[in-house]
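Enquirer: Shown below is the structure under consideration.
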Amino acid sequence: MSDKSHQFSPATREGFVMKSYKYKLKPSAKIIAIFEAWLAICCELYNAAVQERRDAYRIACKSVGFVEQCAELPEVKAERQDVARVHSQVLQNVLRRVALAFDNFFRRVKECHKPGYPRFGSRSRYNSFTYPQSGFSLKGKNLHLSKIGKVKVHLSRPIEGEIKTCAIKSEADGWYAIFAVEEPKKEVAPAPRESVGVDVGIESFATLSDDEAAPIENPQYFRRAESDLKKAQRRVSCRVKGSKRRKKAVRLLAKKHLKVKRQRRDFHFKEARKLVNRYQSIKVEDLNISGMVKNHHLAKNISDAGWGQFIMIVVFKAEEAGRTVIKVNPSYTSQECSRCGHRNQITLATRIYRCSRCGLVIHRDRNGAKRIEQKGRAAPSGSGRSVACEEPRTSQATDLESLAITR
């Protein structure tokens with residue numbers, strides 16, 4: 001089960017923004033044992049809450065909500081001493097995750113999307129618990145957690161603002177604390193350039209409509225690490241299931257995948273920052289990436305590039321800096337001429353665009369970026385949709401874990 005804890009951050013006040021700070025913990029063996037025990041209890045509670053909702057509707061056609069399930073917690077804690085040792089708000093947050101999972105399920109049904117009924121989660125995939133309001137305090141380099149104790153924190157950078165929530169997360173290389181922090185909005189100078197179109201791709205990670213900007217190279221972190229990942233995966237396959245050697249091999253494999261993930265994310269953050277610093281309005285394609293990866297010839301390269309995460313980070317940073325991001329319809333952006341608008345039928349293998357009407361000769365990615373920028377300028381008339389406005393969001397934070405500031 002993926003970590004959803006960071007989606008329960010409180011609403012921010014006007015003039016403030018919500019950010020996430022992620023720090024490495026240095027817990028003792030005793031604290032690690034408590035962390036593991038709490039995660040096992042939270043996972044059990046999550047599955048029990050899902051089962052209760054299923055049975056209530058299947059047997060009695062009754063809907064059980066978050067409030068009703070929270071009211072049952074005192075009785076459960078009276079019967080189970082191990083559950084009673086877990087902080088009450090941590091347990092309530094588990095039930096909040098269940099409520100969110102069902103809310104999203106009903107929303108998808110209403111929108112005629114693939115519903116995806118909430119599933120049970122295995123202990124190996126349940127990797128975090130959250131103090132949503134209280135029960136924690138950061139004093140110097142020590143994090144005090146209610147009913148757990150004191151944990152040393154590697155404060156890689158200072159926190160600028162008021163801490164709202166604290167999540168404890170297990171990753172392949174150790175334990176982390178993730179703080180949702182409310183910060184005052186900072187004044188940002190206007191960008192030196194007005195507008196740019198961004199065409200993401202595989203040959204180059206991204207090409208800009210700005211003729212002075214060189215294409216952004218595709219680092220292909222997964223492809224570069226693929227040989228080592230295959231060796232690590234074969235090592236796991238050769239080990240006996242349930243053995244200590246297999247568990248060790250699984251940890252080493254997870255660390256290698258985690259390194260690739262962090263390299264890609266760091267690259268996305270840096271390139272997004274460059275765009276936001278230079279351009280006031282950023283136009284991107286509204287891509288259906290989940291549909292594109294169904295092409296098995298390109299799926300691995302598309303996933304390796306991580307376009308969806310990159311665009312999400314651009315939107316987040318644009319909102320913070322008072323910039324605008326506009327998503328445009330991607331149809332025919334690579335086939336329409338950026339000079340005259342004539343549509344030329346070209347294949348994906350054609351890298352140089354030659355217009356049969358006006359004679360324009362240009363790289364297809366640069367031409368596509370220019371067409372995206374032109375479509376974005378027409379957004380007010382309905383050809384695009386603005387996803388980041390001049391004022392930052394004042395509602396709940398989005399997936400703060402993926403936007404956590406770690407540098």
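Going by the structure tokens order, chains are called A, B, ..., each with residues numbered from 1, while ligands are numbered from 1 in the order shown.
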What's around A:Ser356 at 8 Å? Count only C-alpha atoms, leave out sequence neighbours fewer than 3 positions away in its own chain, and write the answer as a ChimeraX atom specification.
Expert: /A:344,359-360
Enquirer: If we count only C-alpha atoms, what is near stretch 210-218 of chain A at a cut-off of 12 Å, once residues fewer than 6 positions away on the same chain are taken out, given as number ranges by chain?
Expert: A: 193-204, 224, 264, 267-268, 270-272, 274-275, 278-279, 282-283, 301-302, 304-307, 362-373
Enquirer: From the set A:Ala191, A:Ile148, A:Ala40, A:Val90, which residue has the shortest atom-to-atom contact distance to A:Arg123, counting only C-alpha atoms?
Expert: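 Smallest separation from A:Arg123 among the options: A:Ala40.
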Enquirer: If we count only C-alpha atoms, what is near stretch 231-245 of chain A at a cut-off of 10 Å, once residues fewer than 6 positions away on the same chain are taken out, given as a list of chain:residue names?
Expert: A:Arg251, A:Leu252, A:Leu253, A:Ala254, A:Lys256
Enquirer: For the residues in the current selection, export C-alpha atoms as a compact mmCIF listing (two decimals), in the first residue's frame.
Expert:
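Result written to part-v7.txt:
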```txt
# COMPACT_ATOMS: atom_id res chain seq x y z
CA ARG A 251 16.84 -5.07 0.61
CA LEU A 252 19.81 -4.58 -1.73
CA LEU A 253 17.51 -4.66 -4.76
CA ALA A 254 15.16 -2.15 -3.14
CA LYS A 256 19.14 0.12 -6.09
```
Enquirer: With only C-alpha atoms as the atoms that count, which of A:Lys186, A:His87, A:Arg354, A:Arg58 lies nearest to A:Leu73?
Expert: A:His87
Enquirer: Might you pull out every residue within 10 Å of A:Gly116, with only C-alpha atoms counted and same-chain residues fewer than 4 positions away left off, and present them as a tab-separated table (two decimals) with N, CA and C atoms, in the first residue's frame?
Expert:
```tsv
chain	number	residue	atom	x	y	z
A	101	ALA	N	-9.61	6.26	0.80
A	101	ALA	CA	-9.61	5.23	-0.25
A	101	ALA	C	-11.02	5.00	-0.79
A	102	PHE	N	-12.03	4.95	0.10
A	102	PHE	CA	-13.40	4.75	-0.35
A	102	PHE	C	-13.97	6.01	-1.01
A	104	ASN	N	-12.26	8.11	-2.79
A	104	ASN	CA	-11.70	8.10	-4.14
A	104	ASN	C	-12.36	7.04	-5.02
A	105	PHE	N	-12.73	5.91	-4.41
A	105	PHE	CA	-13.42	4.86	-5.16
A	105	PHE	C	-14.77	5.37	-5.69
A	106	PHE	N	-15.56	5.99	-4.83
A	106	PHE	CA	-16.86	6.49	-5.26
A	106	PHE	C	-16.72	7.65	-6.25
A	108	ARG	N	-14.31	7.92	-8.50
A	108	ARG	CA	-13.99	7.31	-9.80
A	108	ARG	C	-15.22	6.68	-10.43
A	109	VAL	N	-16.08	6.06	-9.60
A	109	VAL	CA	-17.32	5.49	-10.13
A	109	VAL	C	-18.20	6.59	-10.72
```
Enquirer: Mind giving me the straight-line distance from atom CA of A:Glu14 to atom CA of A:Glu160 in Å, one decimal?
Expert: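 We find that atom CA of A:Glu14 and atom CA of A:Glu160 lie 17.0 Å from each other.
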Enquirer: Considering only helix (DSSP H, G or I) as DSSP defines it on the backbone, what residues of stretch 13-231 of chain A qualify? List them as a ChimeraX atom specification.
Expert: /A:29-60,66-71,73-79,81-84,88-110,123-125,221-231
Enquirer: Contacts of A:Lys150 at 12 Å or less, counting only C-alpha atoms, minus same-chain residues fewer than 3 places along, as a list in words?
Expert: Leu25, Lys26, Pro27, Ser28, Lys30, Ile31, Ile32, Ile34, Gly135, Phe136, Ser137, Leu138, Lys139, Gly140, Lys141, Asn142, Leu143, His144, Leu145, Ser146, Lys147 and Val153 of chain A
Enquirer: One decimal, Å: what's the distance from atom CA of A:Phe310 over to atom CA of A:Phe205, could you say?
Expert: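 That distance, rounded to one decimal, is 10.3 Å.
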Enquirer: Can you list every residue of stretch 195-246 of chain A that has an atom at most 10 Å from stretch 259-262 of chain A, with its nearest atom pair and the distance in Å to one decimal, using only C-alpha atoms, ordered by chain then number, as CSV?
Expert:
```
residue,atom,partner,partner_atom,distance
A:Gln220,CA,A:Val260,CA,9.5
A:Tyr221,CA,A:Val260,CA,5.9
A:Phe222,CA,A:Val260,CA,6.1
A:Arg223,CA,A:Val260,CA,9.6
A:Arg224,CA,A:Val260,CA,9.3
A:Ala225,CA,A:Val260,CA,7.5
A:Glu226,CA,A:Val260,CA,9.8
A:Leu229,CA,A:Val260,CA,9.9
```
Enquirer: Measuring between only C-alpha atoms, which one of A:Pro118, A:Tyr21, A:Arg13, A:Lys255 shows the shortest distance to A:Gln51?
Expert: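 Closest candidate: A:Pro118.
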